[in-house]
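Student: The structure file upload.txt (compact mmCIF, C-alpha atoms) is provided below.
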# COMPACT_ATOMS: atom_id res chain seq x y z
CA MET A 253 17.72 20.50 -26.45
CA VAL A 254 20.58 21.89 -24.38
CA ALA A 255 22.10 23.38 -27.54
CA GLU A 256 18.80 25.04 -28.30
CA ARG A 257 18.65 26.53 -24.84
CA ASN A 258 22.18 27.83 -25.17
CA LEU A 259 20.92 29.92 -28.05
CA ARG A 260 18.28 31.59 -25.88
CA SER A 261 18.03 35.35 -26.35
CA LYS A 262 18.74 37.61 -23.39
CA THR A 263 15.04 38.49 -23.29
CA LYS A 264 14.03 34.83 -23.15
CA GLU A 265 16.52 34.22 -20.36
CA LYS A 266 15.19 37.22 -18.46
CA ILE A 267 11.60 36.03 -18.91
CA LEU A 268 12.54 32.63 -17.49
CA ARG A 269 14.38 34.07 -14.46
CA THR A 270 11.51 36.48 -13.73
CA SER A 271 8.91 33.73 -14.13
CA LEU A 272 10.76 31.34 -11.86
CA ALA A 273 11.02 33.95 -9.11
CA LEU A 274 7.32 34.84 -9.41
CA LEU A 275 6.13 31.21 -9.52
CA ASN A 276 8.26 30.27 -6.51
CA ASN A 277 7.39 33.29 -4.40
CA GLU A 278 3.71 33.79 -5.23
CA GLY A 279 2.70 30.19 -5.98
CA GLU A 280 2.04 28.80 -9.44
CA PRO A 281 -1.79 29.10 -9.39
CA ASN A 282 -1.52 32.82 -8.54
CA ILE A 283 0.67 33.84 -11.47
CA SER A 284 -0.56 34.40 -15.02
CA SER A 285 1.42 35.26 -18.14
CA VAL A 286 -0.05 38.77 -17.84
CA ASP A 287 1.56 39.07 -14.39
CA ILE A 288 4.88 37.96 -15.82
CA ALA A 289 4.66 40.54 -18.62
CA ALA A 290 3.74 43.24 -16.09
CA VAL A 291 6.77 42.53 -13.90
CA MET A 292 8.97 42.41 -17.03
CA GLU A 293 7.48 45.76 -18.09
CA ILE A 294 6.67 44.40 -21.54
CA SER A 295 3.28 43.92 -23.21
CA PRO A 296 1.52 40.52 -23.01
CA GLY A 297 1.83 40.42 -26.81
CA ASN A 298 5.57 40.85 -26.61
CA LEU A 299 5.78 38.06 -24.01
CA TYR A 300 3.65 35.85 -26.26
CA TYR A 301 6.10 36.48 -29.11
CA HIS A 302 8.79 34.79 -26.99
CA TYR A 303 6.71 32.14 -25.18
CA LYS A 304 3.23 31.02 -26.15
CA GLY A 305 1.79 31.07 -22.63
CA LYS A 306 2.68 30.23 -19.04
CA ASP A 307 2.79 26.47 -19.52
CA VAL A 308 5.43 26.79 -22.26
CA ILE A 309 7.54 28.80 -19.82
CA ILE A 310 7.04 26.10 -17.17
CA GLU A 311 8.13 23.42 -19.66
CA GLU A 312 11.30 25.37 -20.40
CA LEU A 313 11.99 25.91 -16.68
CA PHE A 314 11.50 22.21 -16.13
CA ALA A 315 14.07 21.45 -18.85
CA ASP A 316 16.59 23.63 -16.98
CA PHE A 317 15.76 21.93 -13.69
CA GLU A 318 16.08 18.52 -15.31
CA ASP A 319 19.52 19.34 -16.75
CA GLU A 320 20.84 20.59 -13.45
CA LEU A 321 19.42 17.79 -11.32
CA ARG A 322 20.65 15.18 -13.81
CA GLN A 323 24.17 16.55 -13.52
CA VAL A 324 23.97 16.46 -9.73
CA LEU A 325 22.49 12.97 -9.59
CA SER A 326 24.91 11.50 -12.11
CA ALA A 327 28.02 12.57 -10.18
CA PRO A 328 28.12 9.72 -7.62
CA ILE A 329 27.20 7.17 -10.31
CA HIS A 330 30.40 8.08 -12.15
CA LYS A 331 32.54 8.37 -9.02
CA PRO A 332 31.63 7.23 -5.48
CA LEU A 333 31.40 9.98 -2.86
CA ALA A 334 33.78 10.18 0.08
CA ILE A 335 31.78 9.17 3.11
CA GLU A 336 31.63 12.65 4.64
CA ASP A 337 30.39 14.08 1.33
CA ASN A 338 27.11 12.18 1.44
CA TRP A 339 25.19 14.65 3.54
CA ILE A 340 26.52 17.54 1.44
CA PHE A 341 25.24 15.68 -1.58
CA LEU A 342 21.74 15.38 -0.07
CA TYR A 343 21.93 19.07 0.70
CA ILE A 344 22.69 19.90 -2.93
CA ILE A 345 19.74 17.84 -4.19
CA PHE A 346 17.45 19.74 -1.80
CA GLU A 347 18.82 23.06 -2.99
CA GLU A 348 18.02 22.15 -6.60
CA ILE A 349 14.49 21.18 -5.59
CA TYR A 350 14.08 24.33 -3.54
CA ASP A 351 15.09 26.48 -6.52
CA PHE A 352 12.22 24.88 -8.46
CA ARG A 353 9.82 24.58 -5.56
CA PHE A 354 6.65 25.91 -7.23
CA PHE A 355 6.64 22.67 -9.23
CA PHE A 356 6.74 20.44 -6.14
CA PHE A 357 4.04 22.43 -4.37
CA ASN A 358 1.60 21.81 -7.25
CA LEU A 359 2.88 18.54 -8.62
CA THR A 360 -0.40 16.75 -9.30
CA SER A 361 -2.14 19.63 -11.05
CA LEU A 362 0.93 20.61 -13.10
CA LEU A 363 1.51 17.06 -14.32
CA GLU A 364 -2.15 16.85 -15.28
CA ARG A 365 -2.11 20.17 -17.08
CA ILE A 366 1.25 19.65 -18.83
CA PRO A 367 1.31 15.89 -19.47
CA VAL A 368 4.56 16.09 -21.48
CA LEU A 369 6.32 16.62 -18.13
CA ARG A 370 5.06 13.36 -16.65
CA PRO A 371 7.47 10.89 -18.35
CA LYS A 372 10.35 13.34 -17.93
CA PHE A 373 9.71 13.71 -14.23
CA SER A 374 9.25 9.97 -13.89
CA ARG A 375 12.67 9.32 -15.48
CA LEU A 376 14.23 11.89 -13.16
CA LEU A 377 12.80 10.04 -10.15
CA SER A 378 14.17 6.76 -11.51
CA LEU A 379 17.61 8.37 -11.83
CA MET A 380 17.33 9.69 -8.27
CA LYS A 381 16.52 6.21 -7.00
CA ARG A 382 19.42 4.70 -8.99
CA THR A 383 21.77 7.31 -7.51
CA PHE A 384 20.70 6.42 -3.97
CA ILE A 385 21.13 2.72 -4.70
CA GLY A 386 24.63 3.49 -6.01
CA ILE A 387 25.52 5.42 -2.87
CA PHE A 388 24.16 2.69 -0.59
CA SER A 389 26.00 0.06 -2.56
CA SER A 390 29.34 1.82 -2.18
CA LEU A 391 28.68 2.42 1.53
CA GLU A 392 27.75 -1.25 1.91
CA THR A 393 30.91 -2.38 0.09
CA GLY A 394 32.88 -0.09 2.40
CA GLY A 395 31.32 -1.91 5.36
CA HIS A 396 29.42 1.14 6.58
CA LEU A 397 25.87 0.09 5.83
CA VAL A 398 24.23 -3.29 6.37
CA PHE A 399 21.08 -4.22 4.45
CA ARG A 400 18.94 -7.33 4.59
CA GLY A 401 16.67 -8.49 1.77
CA ASP A 402 15.21 -5.65 -0.26
CA GLU A 403 16.00 -2.97 2.34
CA ALA A 404 18.42 -0.98 0.13
CA ASP A 405 15.94 -0.83 -2.72
CA ILE A 406 13.05 0.14 -0.50
CA LEU A 407 15.13 2.78 1.29
CA ALA A 408 16.18 4.29 -2.07
CA GLU A 409 12.54 4.49 -3.14
CA ARG A 410 11.54 6.00 0.18
CA LEU A 411 14.28 8.66 0.03
CA THR A 412 13.16 9.55 -3.49
CA ALA A 413 9.62 10.08 -2.18
CA HIS A 414 11.07 12.06 0.73
CA PHE A 415 12.73 14.53 -1.67
CA VAL A 416 9.59 14.89 -3.77
CA TYR A 417 7.26 15.59 -0.86
CA TRP A 418 9.36 17.25 1.83
CA LEU A 419 8.49 20.86 0.94
CA PRO A 420 4.71 20.37 0.53
CA TYR A 421 4.69 18.25 3.70
CA MET A 422 6.41 21.02 5.65
CA GLN A 423 3.77 23.40 4.33
CA LEU A 424 1.01 21.02 5.49
CA ARG A 425 2.59 20.78 8.92
CA GLY A 426 2.75 24.55 9.22
CA GLY A 427 6.51 24.73 8.85
CA SER A 428 6.80 26.54 5.55
CA GLY A 429 7.14 29.88 7.32
CA ARG A 430 10.59 28.81 8.45
CA ASN A 431 13.55 30.19 6.54
CA THR A 432 15.02 28.36 3.56
CA LYS A 433 18.14 27.25 5.33
CA SER A 434 16.27 25.56 8.17
CA LEU A 435 13.69 23.98 5.81
CA ILE A 436 16.45 22.37 3.74
CA HIS A 437 18.47 21.54 6.82
CA GLU A 438 15.57 19.69 8.43
CA GLY A 439 14.88 17.89 5.17
CA VAL A 440 18.47 16.66 5.00
CA TYR A 441 18.38 15.68 8.66
CA ALA A 442 15.13 13.73 8.12
CA ALA A 443 16.81 12.00 5.14
CA LEU A 444 19.94 11.10 7.12
CA THR A 445 17.88 9.65 9.97
CA GLN A 446 16.39 7.24 7.45
CA ILE A 447 19.86 5.94 6.63
CA THR A 448 21.34 5.75 10.13
CA PRO A 449 19.34 2.65 11.19
CA TYR A 450 21.24 0.66 8.54
CA TRP A 451 24.60 1.78 9.82
CA GLY A 452 26.70 -1.19 10.81
CA GLU A 453 28.94 -1.90 13.78
CA ASP A 454 30.85 1.37 13.40
CA ALA A 455 27.72 3.38 14.09
CA ASP A 456 29.39 5.88 16.36
CA PRO A 457 31.42 7.79 13.77
CA TYR A 458 28.25 8.38 11.83
CA ALA A 459 26.32 9.43 14.92
CA ASP A 460 29.14 11.92 15.50
CA LEU A 461 28.83 13.15 11.95
CA LEU A 462 25.11 13.67 12.48
CA LYS A 463 25.82 15.57 15.69
CA ASP A 464 28.36 17.74 13.87
CA PHE A 465 25.83 18.34 11.14
CA MET A 466 23.20 19.45 13.64
CA THR A 467 25.63 21.72 15.48
CA GLU A 468 26.99 23.26 12.32
CA GLN A 469 23.57 24.05 10.94
CA THR A 470 21.63 25.14 13.97
CA GLY A 471 24.42 26.44 16.21
CA MET B 279 -21.62 18.29 13.79
CA VAL B 280 -22.04 14.52 13.98
CA ALA B 281 -25.57 14.99 15.26
CA GLU B 282 -26.30 17.27 12.32
CA ARG B 283 -24.99 14.68 9.88
CA ASN B 284 -27.11 12.00 11.52
CA LEU B 285 -30.10 14.05 10.48
CA ARG B 286 -29.09 13.98 6.81
CA SER B 287 -31.92 13.26 4.42
CA LYS B 288 -31.74 10.15 2.26
CA THR B 289 -31.22 12.39 -0.78
CA LYS B 290 -28.27 14.16 0.87
CA GLU B 291 -26.73 10.83 1.80
CA LYS B 292 -27.18 9.58 -1.76
CA ILE B 293 -25.62 12.76 -3.17
CA LEU B 294 -22.62 12.28 -0.92
CA ARG B 295 -22.13 8.59 -1.82
CA THR B 296 -22.50 9.36 -5.55
CA SER B 297 -20.10 12.31 -5.33
CA LEU B 298 -17.46 10.31 -3.46
CA ALA B 299 -17.54 7.54 -6.06
CA LEU B 300 -17.29 10.04 -8.94
CA LEU B 301 -14.51 12.09 -7.35
CA ASN B 302 -12.50 8.98 -6.52
CA ASN B 303 -12.94 7.28 -9.87
CA GLU B 304 -12.78 10.23 -12.27
CA GLY B 305 -10.48 12.54 -10.32
CA GLU B 306 -11.60 15.67 -8.49
CA PRO B 307 -10.69 18.23 -11.23
CA ASN B 308 -12.79 16.31 -13.79
CA ILE B 309 -16.06 16.33 -11.84
CA SER B 310 -18.44 19.29 -11.61
CA SER B 311 -21.65 19.62 -9.63
CA VAL B 312 -23.46 19.36 -12.98
CA ASP B 313 -21.87 15.92 -13.48
CA ILE B 314 -23.00 14.86 -10.02
CA ALA B 315 -26.56 16.00 -10.74
CA ALA B 316 -26.51 14.16 -14.08
CA VAL B 317 -25.45 10.86 -12.49
CA MET B 318 -28.05 11.36 -9.76
CA GLU B 319 -30.65 12.02 -12.45
CA ILE B 320 -31.75 15.21 -10.73
CA SER B 321 -31.57 18.81 -11.98
CA PRO B 322 -28.56 21.01 -11.04
CA GLY B 323 -31.07 23.24 -9.30
CA ASN B 324 -32.31 20.35 -7.19
CA LEU B 325 -28.71 19.44 -6.28
CA TYR B 326 -28.06 23.08 -5.37
CA TYR B 327 -31.07 23.00 -3.04
CA HIS B 328 -29.28 20.29 -1.02
CA TYR B 329 -25.67 21.42 -1.40
CA LYS B 330 -24.52 24.83 -2.57
CA GLY B 331 -21.80 23.59 -4.93
CA LYS B 332 -19.10 20.93 -5.23
CA ASP B 333 -16.85 22.36 -2.52
CA VAL B 334 -19.65 22.16 0.07
CA ILE B 335 -20.03 18.48 -0.82
CA ILE B 336 -16.26 17.99 -0.44
CA GLU B 337 -16.36 19.69 2.98
CA GLU B 338 -19.12 17.32 4.08
CA LEU B 339 -17.23 14.28 2.72
CA PHE B 340 -14.14 15.45 4.58
CA ALA B 341 -16.16 15.65 7.81
CA ASP B 342 -17.15 12.00 7.34
CA PHE B 343 -13.56 11.01 6.59
CA GLU B 344 -12.35 12.92 9.63
CA ASP B 345 -14.87 11.19 11.92
CA GLU B 346 -13.92 7.74 10.70
CA LEU B 347 -10.17 8.27 10.73
CA ARG B 348 -10.35 9.84 14.20
CA GLN B 349 -12.14 6.76 15.51
CA VAL B 350 -9.51 4.48 13.97
CA LEU B 351 -6.56 6.55 15.18
CA SER B 352 -7.90 6.94 18.71
CA ALA B 353 -8.26 3.20 19.29
CA PRO B 354 -4.61 2.40 20.20
CA ILE B 355 -4.36 5.58 22.27
CA HIS B 356 -7.12 4.23 24.51
CA LYS B 357 -5.86 0.62 24.50
CA PRO B 358 -2.47 -0.65 23.23
CA LEU B 359 -2.58 -3.04 20.29
CA ALA B 360 -1.47 -6.64 20.55
CA ILE B 361 1.81 -6.88 18.70
CA GLU B 362 0.42 -8.84 15.75
CA ASP B 363 -2.38 -6.31 15.33
CA ASN B 364 -0.06 -3.50 14.35
CA TRP B 365 0.13 -4.27 10.67
CA ILE B 366 -3.63 -4.78 10.52
CA PHE B 367 -3.95 -1.36 12.09
CA LEU B 368 -1.76 0.20 9.39
CA TYR B 369 -3.88 -1.60 6.82
CA ILE B 370 -7.06 -0.07 8.23
CA ILE B 371 -5.61 3.46 8.11
CA PHE B 372 -4.71 2.93 4.44
CA GLU B 373 -8.18 1.67 3.67
CA GLU B 374 -9.70 4.83 5.16
CA ILE B 375 -7.35 6.96 3.06
CA TYR B 376 -8.08 4.92 -0.04
CA ASP B 377 -11.82 5.44 0.43
CA PHE B 378 -11.16 9.18 0.32
CA ARG B 379 -8.36 9.11 -2.21
CA PHE B 380 -9.47 11.97 -4.49
CA PHE B 381 -8.54 14.29 -1.63
CA PHE B 382 -4.98 12.95 -1.33
CA PHE B 383 -4.41 13.09 -5.08
CA ASN B 384 -5.17 16.82 -5.14
CA LEU B 385 -4.19 17.85 -1.65
CA THR B 386 -2.45 21.15 -2.39
CA SER B 387 -5.09 22.58 -4.69
CA LEU B 388 -8.01 21.42 -2.51
CA LEU B 389 -6.52 22.94 0.64
CA GLU B 390 -5.95 26.18 -1.24
CA ARG B 391 -9.45 26.24 -2.64
CA ILE B 392 -11.23 25.16 0.59
CA PRO B 393 -9.04 26.74 3.29
CA VAL B 394 -11.44 25.69 6.08
CA LEU B 395 -10.11 22.13 5.58
CA ARG B 396 -6.50 23.11 6.27
CA PRO B 397 -6.59 23.32 10.10
CA LYS B 398 -8.86 20.24 10.25
CA PHE B 399 -6.47 18.20 8.13
CA SER B 400 -3.51 19.51 10.09
CA ARG B 401 -5.10 18.35 13.38
CA LEU B 402 -5.80 14.95 11.85
CA LEU B 403 -2.10 14.61 10.92
CA SER B 404 -1.12 15.57 14.46
CA LEU B 405 -3.43 12.87 15.81
CA MET B 406 -1.92 10.35 13.38
CA LYS B 407 1.57 11.22 14.58
CA ARG B 408 0.47 10.96 18.23
CA THR B 409 -1.04 7.55 17.52
CA PHE B 410 2.22 6.28 16.01
CA ILE B 411 4.18 7.65 18.95
CA GLY B 412 1.77 5.82 21.26
CA ILE B 413 2.26 2.55 19.38
CA PHE B 414 6.05 2.92 19.35
CA SER B 415 6.05 3.73 23.02
CA SER B 416 4.11 0.58 23.92
CA LEU B 417 6.35 -1.52 21.64
CA GLU B 418 9.40 0.08 23.26
CA THR B 419 8.08 -0.61 26.77
CA GLY B 420 7.45 -4.21 25.71
CA GLY B 421 11.12 -4.42 24.69
CA HIS B 422 10.36 -4.85 20.97
CA LEU B 423 11.60 -1.54 19.62
CA VAL B 424 14.77 0.34 20.51
CA PHE B 425 15.04 4.06 19.78
CA ARG B 426 17.90 6.45 20.31
CA GLY B 427 17.52 10.23 20.67
CA ASP B 428 14.63 11.63 18.68
CA GLU B 429 14.23 8.56 16.47
CA ALA B 430 10.72 7.63 17.66
CA ASP B 431 9.45 11.15 17.05
CA ILE B 432 11.05 11.43 13.64
CA LEU B 433 9.80 7.98 12.61
CA ALA B 434 6.25 8.92 13.65
CA GLU B 435 6.45 12.09 11.56
CA ARG B 436 7.86 10.16 8.60
CA LEU B 437 5.13 7.51 8.77
CA THR B 438 2.52 10.26 8.85
CA ALA B 439 4.02 11.71 5.65
CA HIS B 440 4.12 8.20 4.20
CA PHE B 441 0.36 7.79 4.65
CA VAL B 442 -0.37 11.22 3.17
CA TYR B 443 1.73 10.75 0.04
CA TRP B 444 1.74 7.03 -0.70
CA LEU B 445 -1.12 7.07 -3.22
CA PRO B 446 0.04 10.11 -5.25
CA TYR B 447 3.60 8.77 -5.15
CA MET B 448 2.46 5.43 -6.57
CA GLN B 449 0.69 7.36 -9.30
CA LEU B 450 3.90 9.30 -10.06
CA ARG B 451 5.87 6.08 -10.21
CA GLY B 452 3.39 4.56 -12.62
CA GLY B 453 1.96 2.10 -10.14
CA SER B 454 -1.56 3.42 -9.79
CA GLY B 455 -2.83 1.00 -12.41
CA ARG B 456 -2.33 -1.81 -9.94
CA ASN B 457 -5.38 -3.06 -8.11
CA THR B 458 -6.49 -1.59 -4.80
CA LYS B 459 -5.43 -4.53 -2.73
CA SER B 460 -1.86 -4.53 -3.99
CA LEU B 461 -1.56 -0.72 -3.75
CA ILE B 462 -2.59 -0.79 -0.09
CA HIS B 463 -0.57 -3.91 0.56
CA GLU B 464 2.62 -2.32 -0.78
CA GLY B 465 1.90 0.84 1.22
CA VAL B 466 1.61 -1.18 4.43
CA TYR B 467 4.76 -3.14 3.57
CA ALA B 468 6.67 0.10 2.89
CA ALA B 469 5.43 1.40 6.27
CA LEU B 470 6.48 -1.78 8.12
CA THR B 471 9.96 -1.69 6.60
CA GLN B 472 10.40 1.74 8.16
CA ILE B 473 9.75 0.27 11.59
CA THR B 474 11.78 -2.97 11.32
CA PRO B 475 15.21 -1.24 11.57
CA TYR B 476 14.31 -0.23 15.13
CA TRP B 477 13.41 -3.75 16.12
CA GLY B 478 15.57 -4.92 19.01
CA GLU B 479 17.37 -8.15 19.75
CA ASP B 480 14.31 -10.29 19.05
CA ALA B 481 14.30 -9.16 15.41
CA ASP B 482 13.61 -12.59 14.01
CA PRO B 483 10.02 -13.02 15.14
CA TYR B 484 9.21 -9.74 13.44
CA ALA B 485 11.03 -10.71 10.26
CA ASP B 486 8.90 -13.86 10.28
CA LEU B 487 5.80 -11.76 10.71
CA LEU B 488 6.83 -9.67 7.71
CA LYS B 489 7.41 -12.82 5.69
CA ASP B 490 4.00 -14.14 6.69
CA PHE B 491 2.49 -10.84 5.72
CA MET B 492 4.10 -10.95 2.29
CA THR B 493 3.05 -14.52 1.69
CA GLU B 494 -0.49 -13.96 2.86
CA GLN B 495 -0.98 -10.93 0.64
CA THR B 496 0.79 -11.89 -2.53
CA GLY B 497 0.55 -15.68 -2.38
Output the structure of this file as structure tokens.

Tutor:
Amino acid sequence: MVAERNLRSKTKEKILRTSLALLNNEGEPNISSVDIAAVMEISPGNLYYHYKGKDVIIEELFADFEDELRQVLSAPIHKPLAIEDNWIFLYIIFEEIYDFRFFFFNLTSLLERIPVLRPKFSRLLSLMKRTFIGIFSSLETGGHLVFRGDEADILAERLTAHFVYWLPYMQLRGGSGRNTKSLIHEGVYAALTQITPYWGEDADPYADLLKDFMTEQTG
Amino acid sequence: MVAERNLRSKTKEKILRTSLALLNNEGEPNISSVDIAAVMEISPGNLYYHYKGKDVIIEELFADFEDELRQVLSAPIHKPLAIEDNWIFLYIIFEEIYDFRFFFFNLTSLLERIPVLRPKFSRLLSLMKRTFIGIFSSLETGGHLVFRGDEADILAERLTAHFVYWLPYMQLRGGSGRNTKSLIHEGVYAALTQITPYWGEDADPYADLLKDFMTEQTG
């Protein structure tokens, strides 16, 4: 799959980049393959020669997103993060999601229309949850986090949901007009505040970290 | 608006009840006004006489949902809940949402297609958040919950998002095949576990409550 994508022609690559920008900026329901061809300044027939319709393009974009997010999510499974790298890590996940945001804004309808994406997306969410569990586990071993019962598992699931729905929720709450940086920043902050309640006795260093984070991003 | 709905004819009421059942059970994108007429055993023209299309029916169903949820959410603003009533309250909110679930499964596309619902839904979410803040505030005054900084506000926002996205998230995670009772039960449990970390010194009574809740529902 990856090998196949490495063999993409320059035209195919350009079609994908153009499509992604259009889908993200105009919203998926508002973009047709004719629009994509028009912006590319090629004929719809020429576009069709490369990709047999918009949904095939979306499948291919999803494959790219999946590759990139898998690489990001696998990193801390192979090697635990230094404690101060955790928020940066959350930031990177959000940036990946933001780069593919049209998908998250129309999740239900896209998964219904392109059912082949459903199991792939589901596995990606499972990997995300496993990554969070791995991070919590290393923070717990290091004595930083304290969990009772199934709290670590339920927090990992909840953070996964948080990443899936943050952008559409911000849109619902009228916050999508804010700039990218502050959208992602607030998403990371909202994620961190879900972890802080499980911080153990040495809660102050983390509270400081959170304060630094806020100052750095908004100051 | 309420007065107007009280004057609904029996036929209109029956159209609405039939539509809600179809939309919930078959999924909103799969149901047309022709389907609704067919199940009602009336002609599409007769249906059109009562409601000018599917989206008008959805608007009317939303108005009903809004009325009911507003009544539920306003209760603890007028009168604080007894501590053991809080989880029952969360349960009732979920039941309201479940009764109107087709809307939550296709939130983005419905709000785009019927933009008049957007500000109404947005105000409903603001009321939900205010209700949670009210509950937290009375639990904090009673010495049960302890919040630092903006934690109460951010928890209220997060719980609001939780209620909006729980059902579609369960569907994503392959859990929508479970029965209604266990879907709602797990949603309430996931909501409660977001509140427990802020429980103060007397954490044990609440942990017991949670254990009771689990036993009662799954036992």

Student: Would you compute the distance between CA of Gly427 (chain B) and CA of Ile447 (chain A)? Give it in Å to one decimal.

Tutor: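 Value for the CA of Gly427 (chain B)-CA of Ile447 (chain A) distance: 14.9 Å.
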
Student: Per residue of chain B within 9 Å of chain A, what are the shortest atom pair and its distance in Å to one decimal, counting all atoms listed in the file, with rows by chain and residue number, as CSV?

Tutor:
residue,atom,partner,partner_atom,distance
B:Pro307,CA,A:Ser361,CA,8.7
B:Phe383,CA,A:Thr360,CA,6.9
B:Asn384,CA,A:Thr360,CA,6.3
B:Leu385,CA,A:Thr360,CA,8.6
B:Thr386,CA,A:Asn358,CA,6.4
B:Ser387,CA,A:Asn358,CA,7.2
B:Arg396,CA,A:Leu424,CA,7.8
B:Phe399,CA,A:Leu424,CA,8.4
B:Ser400,CA,A:Arg425,CA,6.3
B:Leu403,CA,A:Arg425,CA,8.0
B:Ser404,CA,A:Arg425,CA,8.5
B:Glu429,CA,A:Thr445,CA,7.5
B:Ile432,CA,A:Ala442,CA,7.2
B:Leu433,CA,A:Gln446,CA,8.4
B:Arg436,CA,A:Ala442,CA,8.1
B:Ala439,CA,A:Tyr421,CA,6.9
B:His440,CA,A:Ala413,CA,8.6
B:Val442,CA,A:Tyr421,CA,8.7
B:Tyr443,CA,A:Tyr417,CA,7.4
B:Trp444,CA,A:Ala413,CA,8.6
B:Pro446,CA,A:Thr360,CA,7.8
B:Tyr447,CA,A:Ala413,CA,6.8
B:Leu450,CA,A:Ser374,CA,6.6
B:Arg451,CA,A:Ser374,CA,6.3
B:Gly452,CA,A:Ser374,CA,8.1
B:Ala468,CA,A:Ile406,CA,7.2
B:Thr471,CA,A:Glu403,CA,7.5
B:Gln472,CA,A:Gln446,CA,8.2
B:Pro475,CA,A:Pro449,CA,5.7
B:Tyr476,CA,A:Pro449,CA,7.0

Student: State, in Å with one decimal place, the distance from CA of Asp316 (chain A) to CA of Phe341 (chain A).

Tutor: 19.4 Å

Student: What separation in Å, quoted to one decimal, exists between CA of Glu438 (chain A) and CA of Ala430 (chain B)?

Tutor: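 Between CA of Glu438 (chain A) and CA of Ala430 (chain B) the gap works out to 15.9 Å.
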
Student: So that each row is one residue of region 355-465 of chain A with an atom at most 8 Å from region 327-338 of chain A, can you give its shortest atom pair and the distance in Å to one decimal, using only C-alpha atoms, rows by chain and rising number, as a Markdown table?

Tutor:
| residue | atom | partner | partner_atom | distance |
| --- | --- | --- | --- | --- |
| A:Thr383 | CA | A:Ile329 | CA | 6.1 |
| A:Gly386 | CA | A:Ile329 | CA | 6.2 |
| A:Ile387 | CA | A:Pro332 | CA | 6.9 |
| A:Ser390 | CA | A:Pro332 | CA | 6.7 |
| A:Leu391 | CA | A:Ile335 | CA | 7.6 |
| A:Leu461 | CA | A:Glu336 | CA | 7.8 |
